[in-house]
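Asks: Questions regarding the structure given below will be posed in turn.
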Amino acid sequence: MPLHSTCKLWKKFFCMLPLTVLLAALMPQYASAASPGEHQIKAAMIFNMMRFVDWPESALPNTDGDIDICVVNRGAMTTAVESLRGKQVKGKNITVRQIVKAGGFSGCHVLLLSDTDRQTTSAILEQTRSTPLMTVGDSRGFTAAGGVFGFIILEGKVRFEVNLASAQRHRIRISSQLLKLAQTVLE
(Lines give C-alpha, C1' and ligand atoms only; values in the text may rest on other atoms or scores of the structure.)
Protein backbone atom coordinates (compact mmCIF):
# COMPACT_ATOMS: atom_id res chain seq x y z
CA MET A 1 0.00 0.00 0.00
CA PRO A 2 1.47 3.40 -0.95
CA LEU A 3 2.42 5.77 1.83
CA HIS A 4 -0.12 8.45 0.84
CA SER A 5 -3.00 5.89 1.11
CA THR A 6 -1.85 4.92 4.58
CA CYS A 7 -1.79 8.58 5.60
CA LYS A 8 -5.34 9.07 4.30
CA LEU A 9 -6.51 6.09 6.36
CA TRP A 10 -4.90 7.50 9.49
CA LYS A 11 -6.50 10.90 8.82
CA LYS A 12 -9.92 9.26 8.48
CA PHE A 13 -9.34 7.33 11.68
CA PHE A 14 -8.38 10.45 13.65
CA CYS A 15 -11.21 12.47 12.13
CA MET A 16 -13.67 9.77 13.12
CA LEU A 17 -12.17 9.34 16.60
CA PRO A 18 -14.20 12.11 18.30
CA LEU A 19 -17.43 10.70 16.83
CA THR A 20 -16.49 7.17 17.93
CA VAL A 21 -15.69 8.34 21.47
CA LEU A 22 -18.99 10.23 21.64
CA LEU A 23 -20.97 7.19 20.47
CA ALA A 24 -19.17 4.94 22.93
CA ALA A 25 -19.93 7.35 25.76
CA LEU A 26 -23.62 7.44 24.84
CA MET A 27 -24.06 3.68 24.33
CA PRO A 28 -24.45 2.71 28.00
CA GLN A 29 -27.15 5.35 28.44
CA TYR A 30 -28.87 4.24 25.25
CA ALA A 31 -28.67 0.58 26.22
CA SER A 32 -30.21 1.17 29.63
CA ALA A 33 -32.97 3.34 28.18
CA ALA A 34 -33.80 0.71 25.56
CA SER A 35 -33.68 -2.29 27.85
CA PRO A 36 -37.07 -3.33 29.20
CA GLY A 37 -37.94 -2.67 32.81
CA GLU A 38 -39.09 -5.20 35.37
CA HIS A 39 -42.80 -4.71 34.65
CA GLN A 40 -42.37 -5.02 30.88
CA ILE A 41 -40.46 -8.27 31.43
CA LYS A 42 -43.25 -9.58 33.66
CA ALA A 43 -45.87 -8.64 31.05
CA ALA A 44 -43.90 -10.49 28.36
CA MET A 45 -43.62 -13.48 30.67
CA ILE A 46 -47.39 -13.46 31.27
CA PHE A 47 -47.93 -13.47 27.51
CA ASN A 48 -45.61 -16.45 27.11
CA MET A 49 -47.14 -18.27 30.09
CA MET A 50 -50.56 -17.94 28.46
CA ARG A 51 -49.22 -19.76 25.42
CA PHE A 52 -48.31 -22.78 27.57
CA VAL A 53 -51.44 -22.99 29.71
CA ASP A 54 -54.65 -24.81 28.76
CA TRP A 55 -57.99 -23.77 30.19
CA PRO A 56 -61.00 -26.10 30.31
CA GLU A 57 -63.24 -26.04 27.22
CA SER A 58 -66.02 -24.43 29.26
CA ALA A 59 -63.79 -21.48 30.18
CA LEU A 60 -62.12 -20.99 26.82
CA PRO A 61 -64.28 -22.45 24.05
CA ASN A 62 -62.80 -23.00 20.62
CA THR A 63 -65.28 -20.51 19.15
CA ASP A 64 -64.81 -16.77 18.80
CA GLY A 65 -64.02 -14.81 21.90
CA ASP A 66 -61.21 -13.14 23.71
CA ILE A 67 -58.78 -14.04 26.44
CA ASP A 68 -59.40 -11.58 29.26
CA ILE A 69 -56.62 -10.44 31.54
CA CYS A 70 -58.23 -8.95 34.64
CA VAL A 71 -56.16 -6.61 36.79
CA VAL A 72 -56.99 -5.96 40.43
CA ASN A 73 -54.82 -2.90 41.14
CA ARG A 74 -53.85 -0.01 38.93
CA GLY A 75 -50.11 0.60 38.77
CA ALA A 76 -46.93 0.14 36.77
CA MET A 77 -47.70 -3.54 36.20
CA THR A 78 -51.13 -2.67 34.77
CA THR A 79 -49.54 -0.25 32.33
CA ALA A 80 -47.09 -2.92 31.18
CA VAL A 81 -49.84 -5.52 30.75
CA GLU A 82 -51.86 -3.01 28.68
CA SER A 83 -49.23 -3.54 25.97
CA LEU A 84 -50.63 -7.07 25.48
CA ARG A 85 -54.05 -5.74 24.45
CA GLY A 86 -54.88 -6.90 20.93
CA LYS A 87 -52.13 -9.49 20.71
CA GLN A 88 -53.21 -13.04 20.05
CA VAL A 89 -52.82 -16.24 22.05
CA LYS A 90 -54.40 -19.52 21.00
CA GLY A 91 -56.08 -17.70 18.11
CA LYS A 92 -57.87 -15.28 20.42
CA ASN A 93 -57.37 -11.56 21.03
CA ILE A 94 -56.15 -10.46 24.44
CA THR A 95 -58.22 -7.90 26.30
CA VAL A 96 -57.22 -6.17 29.52
CA ARG A 97 -59.74 -4.90 32.04
CA GLN A 98 -59.65 -3.53 35.54
CA ILE A 99 -61.62 -5.25 38.30
CA VAL A 100 -63.46 -2.46 40.11
CA LYS A 101 -65.76 -4.42 42.41
CA ALA A 102 -65.42 -7.54 44.51
CA GLY A 103 -66.59 -10.63 42.70
CA GLY A 104 -66.18 -9.11 39.22
CA PHE A 105 -64.07 -12.03 38.05
CA SER A 106 -66.61 -13.52 35.66
CA GLY A 107 -65.11 -13.98 32.20
CA CYS A 108 -61.53 -13.60 33.41
CA HIS A 109 -58.94 -16.05 32.12
CA VAL A 110 -55.92 -14.44 33.76
CA LEU A 111 -56.16 -12.64 37.08
CA LEU A 112 -53.25 -10.31 37.86
CA LEU A 113 -52.80 -9.31 41.48
CA SER A 114 -50.00 -6.77 41.55
CA ASP A 115 -49.22 -4.45 44.43
CA THR A 116 -51.98 -5.95 46.58
CA ASP A 117 -51.61 -6.42 50.30
CA ARG A 118 -51.50 -9.91 51.80
CA GLN A 119 -55.05 -9.76 53.19
CA THR A 120 -56.58 -8.65 49.87
CA THR A 121 -54.56 -11.25 47.97
CA SER A 122 -55.67 -14.05 50.32
CA ALA A 123 -59.33 -13.00 50.11
CA ILE A 124 -59.30 -12.87 46.30
CA LEU A 125 -57.45 -16.18 45.98
CA GLU A 126 -59.99 -17.81 48.28
CA GLN A 127 -62.91 -16.27 46.39
CA THR A 128 -61.57 -17.52 43.01
CA ARG A 129 -60.22 -20.81 44.37
CA SER A 130 -62.02 -23.11 41.91
CA THR A 131 -62.59 -20.64 39.07
CA PRO A 132 -60.84 -21.73 35.86
CA LEU A 133 -58.29 -18.96 35.66
CA MET A 134 -54.57 -18.39 35.76
CA THR A 135 -53.69 -16.31 38.83
CA VAL A 136 -50.49 -14.28 38.63
CA GLY A 137 -48.94 -12.12 41.34
CA ASP A 138 -45.74 -10.47 42.36
CA SER A 139 -46.14 -10.20 46.12
CA ARG A 140 -43.88 -12.17 48.43
CA GLY A 141 -45.27 -15.65 49.08
CA PHE A 142 -47.94 -15.42 46.36
CA THR A 143 -47.68 -19.06 45.29
CA ALA A 144 -47.51 -20.28 48.89
CA ALA A 145 -50.77 -18.35 49.53
CA GLY A 146 -52.48 -20.21 46.67
CA GLY A 147 -51.57 -18.28 43.52
CA VAL A 148 -50.67 -20.25 40.40
CA PHE A 149 -47.74 -18.14 39.10
CA GLY A 150 -45.68 -15.88 41.34
CA PHE A 151 -42.93 -13.57 40.16
CA ILE A 152 -39.75 -13.35 42.19
CA ILE A 153 -36.54 -11.39 41.70
CA LEU A 154 -33.45 -13.56 41.98
CA GLU A 155 -29.97 -12.15 41.45
CA GLY A 156 -31.50 -9.11 39.77
CA LYS A 157 -33.53 -11.16 37.27
CA VAL A 158 -37.25 -11.81 37.05
CA ARG A 159 -38.07 -15.46 37.67
CA PHE A 160 -41.29 -17.27 38.50
CA GLU A 161 -42.66 -19.94 40.79
CA VAL A 162 -45.56 -22.29 40.10
CA ASN A 163 -48.07 -23.83 42.50
CA LEU A 164 -49.30 -27.02 40.79
CA ALA A 165 -51.96 -27.74 43.42
CA SER A 166 -53.47 -24.29 42.77
CA ALA A 167 -53.35 -24.88 39.02
CA GLN A 168 -55.28 -28.12 39.51
CA ARG A 169 -57.88 -26.38 41.70
CA HIS A 170 -58.29 -23.75 39.00
CA ARG A 171 -58.58 -26.56 36.43
CA ILE A 172 -55.79 -25.27 34.22
CA ARG A 173 -53.01 -27.39 32.76
CA ILE A 174 -49.47 -26.08 32.56
CA SER A 175 -47.15 -27.42 29.88
CA SER A 176 -44.14 -29.37 31.10
CA GLN A 177 -42.00 -27.04 28.96
CA LEU A 178 -43.11 -24.10 31.09
CA LEU A 179 -42.67 -26.03 34.33
CA LYS A 180 -39.03 -26.70 33.39
CA LEU A 181 -38.42 -22.94 33.30
CA ALA A 182 -39.87 -22.30 36.76
CA GLN A 183 -37.52 -21.41 39.57
CA THR A 184 -39.66 -23.40 42.00
CA VAL A 185 -42.59 -25.78 41.49
CA LEU A 186 -44.75 -26.30 44.55
CA GLU A 187 -46.69 -29.55 44.53
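So you can find residues: chains in the C-alpha coordinates are A, B, ... in the order shown, residues in each start at 1, and ligands are numbered from 1 in order.
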Quick one: everything within 12 Å of Ile153 (chain A), counting only C-alpha atoms, minus sequence neighbours fewer than 2 positions away in the same chain. Send it as number ranges by chain.

Replies: A: 38-39, 41-42, 138-140, 150-151, 155-161, 183

Asks: Using only C-alpha atoms, which residues sit within 12 Å of region 83-97 of chain A once same-chain residues fewer than 5 positions away are excluded, as a PyMOL selection string?

Replies: chain A and resi 39-55+60-74+76-78+104-112

Asks: Would you mind exporting the chosen residues as a short mmCIF file (atom, residue, chain, number, x, y, z; two decimals), in the first residue's frame, restricted to N, CA and C atoms?

Replies:
data_model
loop_
_atom_site.label_atom_id
_atom_site.label_comp_id
_atom_site.auth_asym_id
_atom_site.auth_seq_id
_atom_site.Cartn_x
_atom_site.Cartn_y
_atom_site.Cartn_z
N HIS A 39 -41.38 -4.48 34.94
CA HIS A 39 -42.80 -4.71 34.65
C HIS A 39 -43.03 -5.15 33.21
N GLN A 40 -42.25 -4.60 32.28
CA GLN A 40 -42.37 -5.02 30.88
C GLN A 40 -41.94 -6.48 30.73
N ILE A 41 -40.90 -6.88 31.46
CA ILE A 41 -40.46 -8.27 31.43
C ILE A 41 -41.54 -9.18 31.98
N LYS A 42 -42.17 -8.78 33.08
CA LYS A 42 -43.25 -9.58 33.66
C LYS A 42 -44.43 -9.69 32.69
N ALA A 43 -44.77 -8.60 32.02
CA ALA A 43 -45.87 -8.64 31.05
C ALA A 43 -45.54 -9.61 29.91
N ALA A 44 -44.31 -9.57 29.43
CA ALA A 44 -43.90 -10.49 28.36
C ALA A 44 -43.94 -11.94 28.86
N MET A 45 -43.57 -12.14 30.10
CA MET A 45 -43.62 -13.48 30.67
C MET A 45 -45.06 -13.97 30.80
N ILE A 46 -45.98 -13.08 31.19
CA ILE A 46 -47.39 -13.46 31.27
C ILE A 46 -47.89 -13.88 29.90
N PHE A 47 -47.54 -13.13 28.88
CA PHE A 47 -47.93 -13.47 27.51
C PHE A 47 -47.43 -14.87 27.14
N ASN A 48 -46.17 -15.14 27.43
CA ASN A 48 -45.61 -16.45 27.11
C ASN A 48 -46.21 -17.56 27.97
N MET A 49 -46.49 -17.28 29.22
CA MET A 49 -47.14 -18.27 30.09
C MET A 49 -48.50 -18.67 29.51
N MET A 50 -49.23 -17.68 29.03
CA MET A 50 -50.56 -17.94 28.46
C MET A 50 -50.48 -18.91 27.29
N ARG A 51 -49.39 -18.87 26.56
CA ARG A 51 -49.22 -19.76 25.42
C ARG A 51 -49.04 -21.20 25.85
N PHE A 52 -48.60 -21.44 27.09
CA PHE A 52 -48.31 -22.78 27.57
C PHE A 52 -49.26 -23.25 28.67
N VAL A 53 -50.41 -22.61 28.74
CA VAL A 53 -51.44 -22.99 29.71
C VAL A 53 -52.70 -23.36 28.93
N ASP A 54 -53.38 -24.41 29.37
CA ASP A 54 -54.65 -24.81 28.76
C ASP A 54 -55.76 -24.65 29.78
N TRP A 55 -56.82 -23.94 29.37
CA TRP A 55 -57.99 -23.77 30.19
C TRP A 55 -59.01 -24.84 29.80
N LEU A 60 -62.73 -21.56 28.02
CA LEU A 60 -62.12 -20.99 26.82
C LEU A 60 -62.55 -21.83 25.61
N PRO A 61 -63.80 -21.64 25.17
CA PRO A 61 -64.28 -22.45 24.05
C PRO A 61 -63.50 -22.18 22.77
N ASN A 62 -63.53 -23.12 21.88
CA ASN A 62 -62.80 -23.00 20.62
C ASN A 62 -63.47 -22.04 19.64
N THR A 63 -64.58 -21.46 20.02
CA THR A 63 -65.28 -20.51 19.15
C THR A 63 -64.67 -19.12 19.32
N ASP A 64 -65.28 -18.16 18.67
CA ASP A 64 -64.81 -16.77 18.80
C ASP A 64 -64.84 -16.34 20.26
N GLY A 65 -64.08 -15.35 20.55
CA GLY A 65 -64.02 -14.81 21.90
C GLY A 65 -62.64 -14.29 22.17
N ASP A 66 -62.49 -13.73 23.31
CA ASP A 66 -61.21 -13.14 23.71
C ASP A 66 -60.66 -13.86 24.92
N ILE A 67 -59.39 -13.63 25.18
CA ILE A 67 -58.78 -14.04 26.44
C ILE A 67 -58.67 -12.78 27.26
N ASP A 68 -59.34 -12.77 28.41
CA ASP A 68 -59.40 -11.58 29.26
C ASP A 68 -58.37 -11.64 30.38
N ILE A 69 -57.52 -10.63 30.41
CA ILE A 69 -56.62 -10.44 31.54
C ILE A 69 -57.30 -9.43 32.45
N CYS A 70 -57.58 -9.83 33.67
CA CYS A 70 -58.23 -8.95 34.64
C CYS A 70 -57.20 -8.50 35.66
N VAL A 71 -57.15 -7.20 35.90
CA VAL A 71 -56.16 -6.61 36.79
C VAL A 71 -56.87 -6.06 38.01
N VAL A 72 -56.35 -6.40 39.20
CA VAL A 72 -56.99 -5.96 40.43
C VAL A 72 -56.56 -4.55 40.82
N ASN A 73 -55.31 -4.24 40.76
CA ASN A 73 -54.82 -2.90 41.14
C ASN A 73 -54.30 -2.15 39.94
N ARG A 74 -54.39 -0.86 39.99
CA ARG A 74 -53.85 -0.01 38.93
C ARG A 74 -52.44 0.39 39.35
N ALA A 76 -47.91 0.32 37.84
CA ALA A 76 -46.93 0.14 36.77
C ALA A 76 -47.12 -1.20 36.06
N MET A 77 -47.49 -2.23 36.80
CA MET A 77 -47.70 -3.54 36.20
C MET A 77 -48.89 -3.51 35.25
N THR A 78 -49.94 -2.80 35.62
CA THR A 78 -51.13 -2.67 34.77
C THR A 78 -50.76 -2.00 33.46
N GLY A 104 -66.07 -9.41 40.65
CA GLY A 104 -66.18 -9.11 39.22
C GLY A 104 -65.24 -9.94 38.37
N PHE A 105 -65.04 -11.20 38.74
CA PHE A 105 -64.07 -12.03 38.05
C PHE A 105 -64.66 -12.87 36.93
N SER A 106 -65.95 -12.74 36.70
CA SER A 106 -66.61 -13.52 35.66
C SER A 106 -66.02 -13.18 34.30
N GLY A 107 -65.69 -14.19 33.53
CA GLY A 107 -65.11 -13.98 32.20
C GLY A 107 -63.62 -13.80 32.19
N CYS A 108 -62.99 -13.75 33.35
CA CYS A 108 -61.53 -13.60 33.41
C CYS A 108 -60.85 -14.93 33.10
N HIS A 109 -59.75 -14.87 32.37
CA HIS A 109 -58.94 -16.05 32.12
C HIS A 109 -57.61 -15.96 32.86
N VAL A 110 -57.14 -14.73 33.00
CA VAL A 110 -55.92 -14.44 33.76
C VAL A 110 -56.28 -13.38 34.78
N LEU A 111 -55.90 -13.61 36.02
CA LEU A 111 -56.16 -12.64 37.08
C LEU A 111 -54.82 -12.17 37.62
N LEU A 112 -54.52 -10.90 37.43
CA LEU A 112 -53.25 -10.31 37.86
C LEU A 112 -53.45 -9.55 39.15
#

Asks: Among the residues of region 6-185 of chain A, find those DSSP assigns to strand (DSSP E or B) from the backbone and print them as an MDAnalysis selection string.

Replies: chainID A and resid 53:54 66:71 88:89 92:98 110:113 134:137 149:154 157:163 173:174 184:185

Asks: Would you put the residues from that selection into a file with N, CA and C atoms, as a CSV table (one decimal), in the first residue's frame?

Replies:
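The result, stored in selection_30.csv:
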chain,number,residue,atom,x,y,z
A,53,VAL,N,-50.4,-22.6,28.7
A,53,VAL,CA,-51.4,-23.0,29.7
A,53,VAL,C,-52.7,-23.4,28.9
A,54,ASP,N,-53.4,-24.4,29.4
A,54,ASP,CA,-54.6,-24.8,28.8
A,54,ASP,C,-55.8,-24.6,29.8
A,66,ASP,N,-62.5,-13.7,23.3
A,66,ASP,CA,-61.2,-13.1,23.7
A,66,ASP,C,-60.7,-13.9,24.9
A,67,ILE,N,-59.4,-13.6,25.2
A,67,ILE,CA,-58.8,-14.0,26.4
A,67,ILE,C,-58.7,-12.8,27.3
A,68,ASP,N,-59.3,-12.8,28.4
A,68,ASP,CA,-59.4,-11.6,29.3
A,68,ASP,C,-58.4,-11.6,30.4
A,69,ILE,N,-57.5,-10.6,30.4
A,69,ILE,CA,-56.6,-10.4,31.5
A,69,ILE,C,-57.3,-9.4,32.4
A,70,CYS,N,-57.6,-9.8,33.7
A,70,CYS,CA,-58.2,-9.0,34.6
A,70,CYS,C,-57.2,-8.5,35.7
A,71,VAL,N,-57.1,-7.2,35.9
A,71,VAL,CA,-56.2,-6.6,36.8
A,71,VAL,C,-56.9,-6.1,38.0
A,88,GLN,N,-52.5,-11.8,20.1
A,88,GLN,CA,-53.2,-13.0,20.0
A,88,GLN,C,-52.5,-14.2,20.7
A,89,VAL,N,-53.3,-15.0,21.4
A,89,VAL,CA,-52.8,-16.2,22.1
A,89,VAL,C,-53.9,-17.3,21.8
A,92,LYS,N,-56.9,-16.2,19.8
A,92,LYS,CA,-57.9,-15.3,20.4
A,92,LYS,C,-57.2,-14.0,20.8
A,93,ASN,N,-57.9,-12.9,20.7
A,93,ASN,CA,-57.4,-11.6,21.0
A,93,ASN,C,-57.3,-11.4,22.5
A,94,ILE,N,-56.3,-10.8,23.0
A,94,ILE,CA,-56.2,-10.5,24.4
A,94,ILE,C,-56.8,-9.1,24.7
A,95,THR,N,-57.6,-9.1,25.8
A,95,THR,CA,-58.2,-7.9,26.3
A,95,THR,C,-57.7,-7.7,27.7
A,96,VAL,N,-57.7,-6.5,28.2
A,96,VAL,CA,-57.2,-6.2,29.5
A,96,VAL,C,-58.3,-5.3,30.2
A,97,ARG,N,-58.7,-5.7,31.3
A,97,ARG,CA,-59.7,-4.9,32.0
A,97,ARG,C,-59.4,-4.8,33.5
A,98,GLN,N,-59.9,-3.8,34.1
A,98,GLN,CA,-59.7,-3.5,35.5
A,98,GLN,C,-60.8,-4.1,36.3
A,110,VAL,N,-57.1,-14.7,33.0
A,110,VAL,CA,-55.9,-14.4,33.8
A,110,VAL,C,-56.3,-13.4,34.8
A,111,LEU,N,-55.9,-13.6,36.0
A,111,LEU,CA,-56.2,-12.6,37.1
A,111,LEU,C,-54.8,-12.2,37.6
A,112,LEU,N,-54.5,-10.9,37.4
A,112,LEU,CA,-53.2,-10.3,37.9
A,112,LEU,C,-53.5,-9.5,39.2
A,113,LEU,N,-52.8,-10.0,40.2
A,113,LEU,CA,-52.8,-9.3,41.5
A,113,LEU,C,-51.4,-8.7,41.7
A,134,MET,N,-56.0,-18.4,35.5
A,134,MET,CA,-54.6,-18.4,35.8
A,134,MET,C,-54.3,-17.2,36.7
A,135,THR,N,-54.0,-17.4,37.9
A,135,THR,CA,-53.7,-16.3,38.8
A,135,THR,C,-52.2,-16.0,38.8
A,136,VAL,N,-51.9,-14.7,38.7
A,136,VAL,CA,-50.5,-14.3,38.6
A,136,VAL,C,-50.3,-13.1,39.6
A,137,GLY,N,-49.2,-13.2,40.4
A,137,GLY,CA,-48.9,-12.1,41.3
A,137,GLY,C,-47.5,-11.9,41.5
A,149,PHE,N,-49.1,-18.6,39.5
A,149,PHE,CA,-47.7,-18.1,39.1
A,149,PHE,C,-47.4,-16.9,40.0
A,150,GLY,N,-46.2,-17.0,40.5
A,150,GLY,CA,-45.7,-15.9,41.3
A,150,GLY,C,-44.3,-15.4,40.8
A,151,PHE,N,-44.2,-14.1,40.6
A,151,PHE,CA,-42.9,-13.6,40.2
A,151,PHE,C,-42.0,-13.3,41.4
A,152,ILE,N,-40.8,-13.6,41.2
A,152,ILE,CA,-39.7,-13.3,42.2
A,152,ILE,C,-38.6,-12.7,41.5
A,153,ILE,N,-37.8,-12.0,42.2
A,153,ILE,CA,-36.5,-11.4,41.7
A,153,ILE,C,-35.4,-12.2,42.3
A,154,LEU,N,-34.6,-12.8,41.5
A,154,LEU,CA,-33.5,-13.6,42.0
A,154,LEU,C,-32.2,-13.1,41.3
A,157,LYS,N,-32.8,-10.7,38.4
A,157,LYS,CA,-33.5,-11.2,37.3
A,157,LYS,C,-34.9,-11.6,37.7
A,158,VAL,N,-35.9,-11.4,36.8
A,158,VAL,CA,-37.2,-11.8,37.1
A,158,VAL,C,-37.4,-13.3,36.8
A,159,ARG,N,-37.8,-14.0,37.8
A,159,ARG,CA,-38.1,-15.5,37.7
A,159,ARG,C,-39.5,-15.7,38.1
A,160,PHE,N,-39.9,-17.0,38.0
A,160,PHE,CA,-41.3,-17.3,38.5
A,160,PHE,C,-41.4,-18.6,39.2
A,161,GLU,N,-42.4,-18.7,40.1
A,161,GLU,CA,-42.7,-19.9,40.8
A,161,GLU,C,-44.0,-20.4,40.3
A,162,VAL,N,-44.3,-21.7,40.5
A,162,VAL,CA,-45.6,-22.3,40.1
A,162,VAL,C,-46.1,-23.1,41.3
A,163,ASN,N,-47.4,-23.0,41.5
A,163,ASN,CA,-48.1,-23.8,42.5
A,163,ASN,C,-49.0,-24.8,41.7
A,173,ARG,N,-54.2,-26.5,33.0
A,173,ARG,CA,-53.0,-27.4,32.8
A,173,ARG,C,-51.8,-26.6,32.3
A,174,ILE,N,-50.7,-26.8,32.9
A,174,ILE,CA,-49.5,-26.1,32.6
A,174,ILE,C,-48.5,-27.0,31.8
A,184,THR,N,-39.2,-22.5,41.0
A,184,THR,CA,-39.7,-23.4,42.0
A,184,THR,C,-41.0,-23.9,41.6
A,185,VAL,N,-41.3,-25.2,41.8
A,185,VAL,CA,-42.6,-25.8,41.5
A,185,VAL,C,-43.1,-26.4,42.8

Asks: Counting only C-alpha atoms, which residue out of A:Leu178, A:Val148, A:Ala102, A:Val81 sits closest to Leu164 (chain A)?

Replies: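 Among the listed residues, A:Val148 lies closest to Leu164 (chain A).
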
Asks: Taking only region 59-169 of chain A into account, list the residues labelled helix (DSSP H, G or I) by DSSP (computed from the backbone), as a list of chain:residue names.

Replies: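 DSSP on the backbone gives helix (DSSP H, G or I) at A:Ala76, A:Met77, A:Thr78, A:Thr79, A:Ala80, A:Val81, A:Glu82, A:Arg118, A:Gln119, A:Thr120, A:Thr121, A:Ser122, A:Ala123, A:Ile124, A:Leu125, A:Glu126, A:Gln127, A:Leu164, A:Ala165, A:Ser166, A:Ala167, A:Gln168, A:Arg169.
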
Asks: Could you check the closest approach to Ala167 (chain A) for each of A:Ser58, A:Thr121, A:Thr79, A:Thr128 and tell me which residue wins, using only C-alpha atoms?

Replies: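 Checking each candidate against Ala167 (chain A), we get A:Thr128 as the closest.
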
Asks: Quick one: distance from CA of Phe142 (chain A) to CA of Ala165 (chain A) in Å, one decimal?

Replies: 13.3 Å

Asks: From the list A:Ser166, A:Gln177, A:Leu133, A:Gly37, which residue is nearest Pro56 (chain A) when using only C-alpha atoms?

Replies: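 Between A:Ser166, A:Gln177, A:Leu133, A:Gly37, the residue approaching Pro56 (chain A) most closely is A:Leu133.
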
Asks: Expressed in Å to a single decimal, how great is the separation between CA of Ser176 (chain A) and CA of Thr116 (chain A)?

Replies: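 So the answer is 29.1 Å.
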
Asks: Work out how far CA of His170 (chain A) is from CA of Ser130 (chain A), in Å to one decimal.

Replies: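 Between CA of Ser130 (chain A) and CA of His170 (chain A) the gap works out to 4.8 Å.
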